[in-house]
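What follows is the content of input.txt, which has compact mmCIF, C-alpha atoms and all ligand atoms:
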# COMPACT_ATOMS: atom_id res chain seq x y z
CA MET N 1 0.00 0.00 0.00
CA VAL N 2 1.17 3.52 -0.73
CA ALA N 3 0.26 6.24 1.76
CA ARG N 4 0.27 9.81 0.47
CA VAL N 5 0.61 13.15 2.19
CA ARG N 6 0.90 16.50 0.47
CA THR N 7 3.45 19.15 1.27
CA VAL N 8 5.01 22.08 -0.56
CA ALA N 9 8.29 23.21 -2.07
CA PHE N 10 9.20 26.83 -2.68
CA GLN N 11 10.64 28.25 -5.88
CA GLY N 12 10.91 31.93 -5.20
CA MET N 13 7.40 33.08 -4.35
CA ASP N 14 5.91 30.12 -6.23
CA VAL N 15 4.58 27.30 -4.09
CA LEU N 16 4.61 23.83 -5.65
CA THR N 17 2.60 20.88 -4.40
CA ILE N 18 4.80 17.95 -3.45
CA ASP N 19 3.36 14.48 -3.09
CA VAL N 20 5.03 12.45 -0.33
CA GLN N 21 4.49 8.77 -1.11
CA VAL N 22 5.42 6.11 1.44
CA HIS N 23 5.72 2.53 0.37
CA MET N 24 6.42 -0.46 2.61
CA ALA N 25 7.40 -3.78 1.12
CA ASN N 26 8.90 -7.01 2.29
CA GLY N 27 12.63 -7.27 1.94
CA LEU N 28 15.78 -6.30 3.78
CA PRO N 29 14.90 -3.59 6.34
CA ALA N 30 15.82 -0.19 4.90
CA PHE N 31 14.57 3.38 4.97
CA THR N 32 15.34 5.49 1.91
CA ILE N 33 14.17 8.88 0.71
CA VAL N 34 14.24 9.50 -3.04
CA GLY N 35 13.13 12.41 -5.22
CA LEU N 36 16.03 14.90 -5.29
CA PRO N 37 16.28 15.58 -1.53
CA ASP N 38 18.98 17.98 -0.30
CA LYS N 39 21.08 17.35 2.82
CA ALA N 40 18.47 18.59 5.31
CA VAL N 41 15.79 16.37 3.77
CA GLY N 42 18.13 13.37 3.78
CA GLU N 43 18.78 13.90 7.47
CA SER N 44 15.06 13.95 8.09
CA ARG N 45 15.20 10.12 8.21
CA GLU N 46 17.01 10.19 11.53
CA ARG N 47 14.68 12.80 13.03
CA VAL N 48 11.58 10.93 11.88
CA ARG N 49 12.88 7.63 13.21
CA ALA N 50 13.65 9.17 16.62
CA ALA N 51 10.34 11.06 16.77
CA LEU N 52 8.38 7.88 16.13
CA ALA N 53 10.46 6.06 18.75
CA ALA N 54 9.59 8.84 21.22
CA MET N 55 5.91 7.97 20.63
CA GLY N 56 6.71 4.33 21.39
CA LEU N 57 6.51 3.30 17.73
CA ALA N 58 9.30 1.47 15.97
CA LEU N 59 9.57 1.42 12.19
CA PRO N 60 8.49 -1.99 10.91
CA PRO N 61 11.43 -4.17 9.76
CA GLN N 62 10.51 -3.70 6.10
CA ARG N 63 11.83 -1.99 3.04
CA ILE N 64 10.49 1.56 3.38
CA THR N 65 10.72 3.92 0.44
CA VAL N 66 9.67 7.55 0.63
CA ASN N 67 9.28 9.26 -2.72
CA LEU N 68 8.98 13.03 -3.04
CA ALA N 69 7.18 13.67 -6.32
CA PRO N 70 7.66 15.34 -8.79
CA ALA N 71 11.17 13.92 -8.68
CA ASP N 72 12.82 16.68 -10.74
CA VAL N 73 12.14 19.52 -8.27
CA LEU N 74 14.91 20.05 -5.71
CA LYS N 75 13.50 19.52 -2.20
CA GLU N 76 15.17 21.91 0.23
CA GLY N 77 14.69 22.56 3.91
CA SER N 78 13.63 20.76 7.04
CA HIS N 79 9.86 21.11 6.63
CA PHE N 80 9.59 17.68 4.97
CA ASP N 81 9.98 15.92 8.36
CA LEU N 82 6.31 16.21 9.27
CA PRO N 83 4.77 14.99 5.97
CA ILE N 84 7.23 12.07 5.91
CA ALA N 85 6.33 11.12 9.49
CA LEU N 86 2.60 11.43 8.75
CA GLY N 87 3.01 9.29 5.64
CA LEU N 88 4.79 6.61 7.68
CA LEU N 89 2.10 6.72 10.38
CA ALA N 90 -0.60 6.40 7.71
CA ALA N 91 1.22 3.50 6.05
CA MET N 92 1.57 1.81 9.44
CA GLY N 93 -2.14 2.26 10.07
CA ALA N 94 -1.66 4.60 13.05
CA LEU N 95 -3.46 7.40 11.18
CA PRO N 96 -6.45 7.25 8.79
CA ALA N 97 -4.73 7.57 5.39
CA ASP N 98 -7.75 9.01 3.56
CA GLU N 99 -8.20 11.81 6.12
CA VAL N 100 -4.52 12.74 6.22
CA ALA N 101 -4.55 12.97 2.42
CA THR N 102 -6.92 15.97 2.58
CA TYR N 103 -4.22 18.06 4.27
CA SER N 104 -0.98 19.65 3.25
CA ALA N 105 1.64 19.40 6.00
CA LEU N 106 4.91 21.10 6.84
CA GLY N 107 7.07 21.23 9.96
CA GLU N 108 10.40 20.20 11.40
CA LEU N 109 10.54 17.39 13.94
CA GLY N 110 12.66 17.29 17.06
CA LEU N 111 13.99 13.96 18.27
CA ASP N 112 11.27 13.97 20.94
CA GLY N 113 8.50 14.41 18.34
CA ALA N 114 7.98 18.12 19.01
CA LEU N 115 7.23 20.32 16.00
CA ALA N 116 9.59 23.23 15.39
CA PRO N 117 8.78 26.32 13.29
CA VAL N 118 9.80 26.43 9.62
CA THR N 119 9.81 29.11 6.93
CA GLY N 120 6.98 29.71 4.48
CA VAL N 121 3.99 28.60 6.57
CA LEU N 122 1.85 31.55 5.47
CA ALA N 123 2.60 30.92 1.79
CA ALA N 124 1.85 27.21 2.27
CA ALA N 125 -1.47 28.02 3.97
CA VAL N 126 -2.56 30.30 1.13
CA HIS N 127 -1.58 27.58 -1.34
CA ALA N 128 -3.46 24.87 0.60
CA GLY N 129 -6.55 27.09 0.64
CA SER N 130 -6.40 27.56 -3.13
CA GLN N 131 -6.52 23.76 -3.50
CA ASP N 132 -9.29 23.22 -0.96
CA ARG N 133 -7.01 21.45 1.48
CA GLY N 134 -6.34 21.99 5.14
CA LEU N 135 -2.90 22.72 6.54
CA ILE N 136 -1.00 20.94 9.31
CA CYS N 137 1.75 23.12 10.80
CA PRO N 138 3.71 23.62 14.04
CA ALA N 139 1.69 25.04 16.95
CA ALA N 140 3.91 28.11 17.18
CA GLN N 141 2.88 29.10 13.64
CA GLY N 142 -0.87 28.58 13.82
CA GLY N 143 -1.36 32.32 14.20
CA GLU N 144 0.66 32.93 11.04
CA ALA N 145 -1.18 30.28 8.99
CA ALA N 146 -4.61 31.56 10.09
CA TRP N 147 -4.02 34.76 8.10
CA ALA N 148 -4.62 32.76 4.94
CA GLY N 149 -8.34 33.08 5.68
CA ASP N 150 -10.81 30.31 5.04
CA VAL N 151 -8.43 27.36 5.48
CA GLU N 152 -8.70 24.59 8.04
CA ILE N 153 -5.53 24.74 10.14
CA LEU N 154 -4.25 22.04 12.49
CA ALA N 155 -1.48 23.63 14.55
CA ALA N 156 0.00 20.83 16.66
CA ALA N 157 2.71 20.98 19.31
CA ASP N 158 3.93 17.46 18.55
CA LEU N 159 3.15 14.26 16.67
CA VAL N 160 1.16 12.79 19.59
CA ALA N 161 -1.25 15.75 19.44
CA LEU N 162 -1.87 15.02 15.75
CA VAL N 163 -2.47 11.31 16.33
CA ASN N 164 -4.90 12.17 19.14
CA HIS N 165 -6.67 14.64 16.87
CA PHE N 166 -7.24 12.11 14.11
CA LYS N 167 -8.30 9.49 16.66
CA GLY N 168 -10.78 12.02 18.01
CA THR N 169 -9.57 11.83 21.62
CA GLN N 170 -8.31 15.41 21.73
CA VAL N 171 -9.44 17.56 18.82
CA LEU N 172 -7.27 20.56 17.91
CA SER N 173 -9.10 23.85 17.55
CA GLN N 174 -8.66 26.30 14.69
CA PRO N 175 -5.98 28.86 15.68
CA LYS N 176 -6.81 32.56 15.67
CA ALA N 177 -4.94 34.95 13.39
CA ALA N 178 -2.19 36.50 15.50
CA LEU N 179 -2.64 40.21 16.01
CA ARG N 180 -0.01 42.71 16.97
CA ALA N 181 -0.73 43.98 20.46
CA ALA N 182 0.77 47.45 20.50
CA ALA N 183 0.46 50.14 17.87
CA ILE N 184 3.63 50.67 15.88
CA GLN N 185 5.85 53.51 16.99
CA TYR N 186 7.81 55.12 14.19
CA PRO N 187 10.63 57.56 14.97
CA ASP N 188 9.21 61.04 14.56
CA LEU N 189 10.41 63.71 12.13
CA ALA N 190 9.83 66.23 14.92
CA ASP N 191 12.98 64.94 16.68
CA ILE N 192 15.11 66.62 14.03
CA LYS N 193 16.12 70.18 14.86
CA GLY N 194 16.51 72.57 11.95
CA GLN N 195 17.51 70.88 8.66
CA GLU N 196 14.43 72.38 7.01
CA THR N 197 15.65 71.69 3.46
CA ALA N 198 16.51 68.08 4.23
CA LYS N 199 13.17 67.51 5.92
CA ARG N 200 11.33 69.02 2.96
CA ALA N 201 13.29 66.80 0.58
CA LEU N 202 12.33 63.80 2.70
CA GLU N 203 8.67 64.79 2.60
CA ILE N 204 8.74 65.22 -1.17
CA ALA N 205 10.44 61.82 -1.56
CA ALA N 206 7.75 60.26 0.63
CA ALA N 207 4.92 61.92 -1.30
CA GLY N 208 6.25 60.98 -4.74
CA GLY N 209 7.91 57.68 -3.94
CA HIS N 210 11.25 59.07 -5.12
CA ASN N 211 14.65 57.68 -4.36
CA LEU N 212 16.88 59.97 -2.35
CA LEU N 213 20.61 60.55 -1.93
CA MET N 214 21.81 62.56 1.07
CA VAL N 215 25.30 64.00 1.04
CA GLY N 216 26.63 65.63 4.18
CA PRO N 217 29.41 65.70 6.76
CA PRO N 218 29.50 63.14 9.59
CA GLY N 219 26.97 63.87 12.30
CA ALA N 220 24.72 65.97 10.06
CA GLY N 221 21.79 63.67 10.80
CA LYS N 222 21.59 61.67 7.56
CA SER N 223 21.02 58.31 9.22
CA MET N 224 18.53 59.94 11.55
CA LEU N 225 16.56 61.44 8.64
CA ALA N 226 16.44 58.16 6.71
CA GLN N 227 15.01 56.26 9.67
CA ARG N 228 12.11 58.69 9.74
CA LEU N 229 10.97 58.06 6.17
CA PRO N 230 8.78 54.95 6.84
CA GLY N 231 6.79 56.98 9.36
CA LEU N 232 5.89 59.50 6.64
CA LEU N 233 4.65 56.86 4.23
CA PRO N 234 1.00 55.75 4.29
CA GLY N 235 0.29 52.51 6.19
CA LEU N 236 0.13 49.19 4.35
CA SER N 237 -3.28 48.11 3.09
CA ALA N 238 -4.45 44.64 4.11
CA ALA N 239 -3.51 43.17 0.71
CA GLU N 240 -0.09 44.85 0.81
CA ALA N 241 0.54 43.62 4.35
CA LEU N 242 -0.16 40.06 3.18
CA GLU N 243 2.11 40.50 0.15
CA VAL N 244 4.99 41.76 2.32
CA SER N 245 4.35 39.09 4.94
CA LEU N 246 4.53 36.31 2.33
CA ILE N 247 8.04 37.42 1.38
CA HIS N 248 9.10 37.64 5.03
CA SER N 249 7.51 34.24 5.66
CA VAL N 250 9.54 32.63 2.87
CA ALA N 251 12.68 34.30 4.27
CA GLY N 252 11.83 33.07 7.77
CA GLU N 253 11.83 36.63 9.09
CA LEU N 254 8.19 36.99 10.07
CA PRO N 255 7.76 38.37 13.61
CA ASP N 256 6.20 35.96 16.13
CA ASP N 257 3.31 38.26 16.81
CA GLY N 258 1.67 38.15 13.39
CA LEU N 259 1.95 39.78 10.02
CA VAL N 260 4.30 42.51 8.93
CA SER N 261 1.93 45.44 9.38
CA GLN N 262 4.32 48.33 8.95
CA ARG N 263 6.40 49.36 5.97
CA PRO N 264 9.70 47.56 6.10
CA PHE N 265 12.88 49.55 6.73
CA ARG N 266 15.97 47.61 5.78
CA ASP N 267 19.48 48.98 6.26
CA PRO N 268 21.99 46.36 5.12
CA HIS N 269 25.59 46.94 6.17
CA HIS N 270 27.94 47.94 3.36
CA SER N 271 29.83 44.67 3.77
CA ALA N 272 26.65 42.69 2.92
CA SER N 273 27.28 40.09 0.24
CA LEU N 274 25.57 40.12 -3.11
CA PRO N 275 23.24 37.16 -2.32
CA ALA N 276 22.30 38.81 0.98
CA LEU N 277 21.30 41.93 -0.91
CA VAL N 278 19.48 40.71 -4.03
CA GLY N 279 18.68 37.17 -2.93
CA GLY N 280 20.17 33.76 -3.57
CA GLY N 281 22.64 31.69 -1.63
CA MET N 282 21.92 28.30 -0.13
CA ARG N 283 18.17 28.12 -0.60
CA ALA N 284 17.57 31.04 -2.98
CA ARG N 285 16.13 33.11 -0.15
CA PRO N 286 14.85 36.61 -0.82
CA GLY N 287 17.48 39.29 -0.25
CA GLU N 288 17.32 42.72 1.35
CA VAL N 289 15.80 44.30 -1.77
CA SER N 290 12.82 41.95 -1.52
CA LEU N 291 12.54 42.24 2.25
CA ALA N 292 12.31 46.00 1.64
CA HIS N 293 9.42 45.47 -0.83
CA LEU N 294 6.86 48.30 -0.44
CA GLY N 295 9.17 49.89 2.11
CA VAL N 296 12.52 51.61 2.36
CA LEU N 297 15.98 50.29 1.54
CA PHE N 298 18.57 52.47 3.23
CA LEU N 299 22.15 52.28 2.00
CA ASP N 300 24.24 54.15 4.54
CA GLU N 301 27.80 55.05 3.54
CA LEU N 302 27.00 54.39 -0.13
CA PRO N 303 30.58 54.60 -1.50
CA GLU N 304 31.65 51.79 0.86
CA PHE N 305 29.43 49.30 -1.02
CA SER N 306 31.37 47.41 -3.66
CA ARG N 307 30.79 48.36 -7.25
CA GLN N 308 29.50 44.88 -8.03
CA THR N 309 26.91 45.13 -5.26
CA LEU N 310 25.66 48.51 -6.46
CA GLU N 311 25.47 47.32 -10.06
CA SER N 312 23.36 44.35 -8.95
CA LEU N 313 20.71 46.78 -7.66
CA ARG N 314 20.17 48.13 -11.15
CA GLN N 315 17.96 45.28 -12.36
CA PRO N 316 15.60 45.09 -9.33
CA MET N 317 15.22 48.88 -9.33
CA GLU N 318 14.25 48.93 -12.99
CA SER N 319 11.92 45.95 -13.05
CA GLY N 320 10.65 45.86 -9.47
CA ARG N 321 11.63 42.20 -9.22
CA ALA N 322 14.77 40.44 -8.11
CA VAL N 323 15.61 37.37 -10.17
CA VAL N 324 17.79 34.70 -8.61
CA ALA N 325 19.23 32.16 -11.02
CA ARG N 326 19.64 28.63 -9.74
CA ALA N 327 21.10 25.62 -11.46
CA ASN N 328 17.74 24.33 -12.71
CA HIS N 329 15.31 27.22 -12.44
CA HIS N 330 14.89 30.94 -11.80
CA ALA N 331 13.31 32.22 -8.63
CA SER N 332 11.95 35.72 -8.70
CA TYR N 333 10.83 37.88 -5.81
CA PRO N 334 9.01 41.20 -5.84
CA ALA N 335 11.32 44.11 -5.01
CA ARG N 336 9.55 47.45 -5.30
CA PHE N 337 11.32 49.55 -2.72
CA GLN N 338 12.20 53.17 -2.20
CA MET N 339 15.93 53.64 -1.95
CA VAL N 340 17.55 56.16 0.36
CA ALA N 341 21.31 56.47 0.29
CA ALA N 342 23.66 58.53 2.42
CA MET N 343 27.33 59.44 1.97
CA ASN N 344 29.96 61.86 3.16
CA PRO N 345 31.21 64.37 0.58
N1 LIG P 1 19.25 67.99 13.11
C1 LIG P 1 19.41 67.23 14.19
N2 LIG P 1 18.50 67.23 15.18
C2 LIG P 1 18.68 66.48 16.27
N3 LIG P 1 19.72 65.63 16.46
C3 LIG P 1 20.66 65.57 15.52
C4 LIG P 1 20.56 66.37 14.33
N4 LIG P 1 21.63 66.12 13.57
C5 LIG P 1 22.37 65.19 14.24
N5 LIG P 1 21.79 64.87 15.42
C6 LIG P 1 22.35 63.93 16.40
O1 LIG P 1 23.58 63.49 15.94
C7 LIG P 1 23.60 62.06 15.89
C8 LIG P 1 24.36 61.61 14.67
O2 LIG P 1 23.57 61.79 13.52
P1 LIG P 1 23.59 60.77 12.35
O3 LIG P 1 24.14 59.47 12.78
O4 LIG P 1 22.23 60.75 11.76
O5 LIG P 1 24.60 61.51 11.40
P2 LIG P 1 25.09 61.04 9.98
O6 LIG P 1 24.92 62.21 9.08
O7 LIG P 1 24.46 59.78 9.59
O8 LIG P 1 26.62 60.84 10.25
P3 LIG P 1 27.63 59.82 9.53
O9 LIG P 1 28.03 60.44 8.23
O10 LIG P 1 28.79 59.76 10.49
O11 LIG P 1 26.93 58.53 9.38
C9 LIG P 1 22.15 61.63 15.87
O12 LIG P 1 21.97 60.40 16.51
C10 LIG P 1 21.47 62.75 16.65
O13 LIG P 1 21.49 62.45 18.03
MG MG P 2 25.16 57.80 9.37
Rewrite the coordinates I just gave you, this time as structure tokens.
Amino acid sequence: MVARVRTVAFQGMDVLTIDVQVHMANGLPAFTIVGLPDKAVGESRERVRAALAAMGLALPPQRITVNLAPADVLKEGSHFDLPIALGLLAAMGALPADEVATYSALGELGLDGALAPVTGVLAAAVHAGSQDRGLICPAAQGGEAAWAGDVEILAAADLVALVNHFKGTQVLSQPKAALRAAAIQYPDLADIKGQETAKRALEIAAAGGHNLLMVGPPGAGKSMLAQRLPGLLPGLSAAEALEVSLIHSVAGELPDDGLVSQRPFRDPHHSASLPALVGGGMRARPGEVSLAHLGVLFLDELPEFSRQTLESLRQPMESGRAVVARANHHASYPARFQMVAAMNP
């Protein structure tokens, strides 16, 4: 019998459905994961084995094959632990396979079976909703997933809680969308004494969405002025807040207490590497330009940035998107930001 659980893979802002298929057959006992897994997914075997042992379940002495389909998409990250464990439990008959198949699952397992937070839960929840599926995610991220709207969310603290839920002994309730408690406090333009021309320039930049370069001697208040720009901009609309939060969710930078509800202000250090700035690196994560989407990117000490880094900003600034080339595909992230730069003469 083949048990199936759905999960997701991320390619830039695109969410792909991944089918986790678990097959148990007679033969020499083995446990293999196939379907282009990266190192973290390969290691998931050990975590899943330990997590099941923590529940008092041993893997049957059979030939167990886990296939992540489609096989030509690179599977990256640790969020495959949970769907693999659920697939095994379904194949072993500990969970009702047909019910589990109506959910999409993601989460990282600890050796004790506890579920740890992963990146991209909000994006996965929106995707699950678009396919009329529920979402199973770590308890800590239920509040994040609930923002996706009309999606059934199971936010479990550990594997035992999920088994109990499907058995009906302790049903998990739908989490509430996490709300930010306090109102956001922006630094105030009123703190700046004098500097009438600079303040006016800042206001005009805010009104027109213009980029801004400030040139002045050390201590003139350039950094201070730049920090006050987000406070002048209008607040994010609900749709914009979701858009920004999706990017931060994929980058794993979403605050614990809910969505990004204020305009981002990013000020990368001038030694920041090119992948850190425009995206890329290990898992093609969004860079600073995308994290600053619909907000402000502040480049302090502009001449200290390497020429290569500055040139790489050209394309995102023109097109409003940052494209990250990988070996087998391109990931692209939105990057419409307002740039403020400061330098000494
Ligand atoms: N117009 C001002 N009103 C009030 N405080 C100011 C003003 N200008 C400077 N300051 C004070 O001076 C400090 C230094 O300013 P800031 O760091 O913004 O200067 P800067 O122009 O960025 O300098 P640098 O070129 O060295 O980065 C601020 O933290 C603030 O306390
Ligand atoms: Mg400064």
Near ligand MG 2 (chain P), 9 Å: chain N residue rows, closest pairs, all atoms listed in the file, as a tab-separated table:
residue	atom	partner	partner_atom	distance
N:Pro218	CA	P:MG2	MG	6.9
N:Gly219	CA	P:MG2	MG	7.0
N:Ala220	CA	P:MG2	MG	8.2
N:Gly221	CA	P:MG2	MG	6.9
N:Lys222	CA	P:MG2	MG	5.6
N:Ser223	CA	P:MG2	MG	4.2
N:Met224	CA	P:MG2	MG	7.3
N:Asp300	CA	P:MG2	MG	6.1
N:Glu301	CA	P:MG2	MG	7.0
N:Ala342	CA	P:MG2	MG	7.1
N:Met343	CA	P:MG2	MG	7.9
N:Asn344	CA	P:MG2	MG	8.8
- Counting only C-alpha atoms and all ligand atoms, what residues are within 12 Å of ligand LIG 1 (chain P), given as a PyMOL selection string? chain N and resi 187-199+213-228+298-304+341-345
- Message: Using all atoms listed in the file, which protein or nucleic acid residues come within 6 Å of Val8 (chain N)? Drop anything in the same chain fewer than 4 positions from it, and give the result as a count of residues only.
- Response: 3
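Among the candidates N:Gly280, N:Gly87, N:Gly93, N:Gly113, the residue lying nearest to His23 (chain N) is N:Gly87 (atoms considered: only C-alpha atoms).
Distance-wise, CA of Thr169 (chain N) and CA of Leu95 (chain N) end up 12.9 Å apart.
Nearest to Ala335 (chain N) of all the residues N:Arg47, N:Arg307, N:His293, N:His269 is N:His293, based on all atoms listed in the file.
The closest residue to Leu291 (chain N), picked from N:Val278, N:Ala178, N:Leu310, N:Leu159 and counting only C-alpha atoms, is N:Val278.
Ranking N:Ser78, N:Ser173, N:Ser319, N:Ser290 by their shortest atom-to-atom distance to Asp38 (chain N), with all atoms listed in the file included, puts N:Ser78 first.
With only the atoms specified (all atoms listed in the file) counting, those residues at most 8 Å away from (12.5, 43.6, -6.8) are Val289, Ser290, His293, Gln315, Pro316, Met317, Ser319, Gly320, Arg321, Ala322, Val323, Tyr333, Pro334, Ala335, Arg336 and Phe337 of chain N.
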- Query: At what distance in Å, to one decimal, does CA of Pro175 (chain N) lie from CA of Val15 (chain N)?
  - Reply: 22.5 Å
Please, which residues in region 8-113 of chain N fall within 9 Å of region 242-251 of chain N when counting only C-alpha atoms, and what is the closest atom pair and distance in Å to one decimal for each, ordered by chain then residue number, as a tab-separated table?
residue	atom	partner	partner_atom	distance
N:Phe10	CA	N:Val250	CA	8.0
N:Gly12	CA	N:Val250	CA	8.2
N:Met13	CA	N:Ile247	CA	7.2
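Considering the residues N:Val126, N:Val296, N:Ala161, N:Leu277 and counting only C-alpha atoms, Ala205 (chain N) has its shortest atom-to-atom contact with N:Val296.
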- Message: Counting all atoms listed in the file, I want the residues whose atoms come within 7 Å of (10.4, 15.3, 6.6) in the file frame, returned as an MDAnalysis selection string.
- Response: chainID N and resid 41 44 48 78:85 108
- Task: Report the distance between CA of Ser261 (chain N) and CA of Gly143 (chain N) in Å, rounded to one decimal place.
- Result: 14.4 Å
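Across N:Ala40, N:Leu229, N:Leu106, N:Leu172, the tightest approach to Arg200 (chain N) is made by N:Leu229 when counting all atoms listed in the file.
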Would you give me, as a Markdown table, each residue of region 56-135 of chain N having an atom within 7 Å of an atom of region 146-157 of chain N, along with its shortest atom pair and that distance in Å to one decimal, using only C-alpha atoms and sorting by chain and residue number?
| residue | atom | partner | partner_atom | distance |
| --- | --- | --- | --- | --- |
| N:Ala114 | CA | N:Ala157 | CA | 6.0 |
| N:Leu115 | CA | N:Ala157 | CA | 5.6 |
| N:Leu122 | CA | N:Ala148 | CA | 6.6 |
| N:Ala125 | CA | N:Ala148 | CA | 5.8 |
| N:Val126 | CA | N:Ala148 | CA | 5.0 |
| N:Gly129 | CA | N:Val151 | CA | 5.2 |
| N:Gly134 | CA | N:Glu152 | CA | 4.6 |
| N:Leu135 | CA | N:Ile153 | CA | 4.9 |
- Item | Test item: residues at most 6 Å from region 98-102 of chain N, all atoms listed in the file, excluding those fewer than 2 positions along its chain, as a PyMOL selection string | chain N and resi 5+96+133
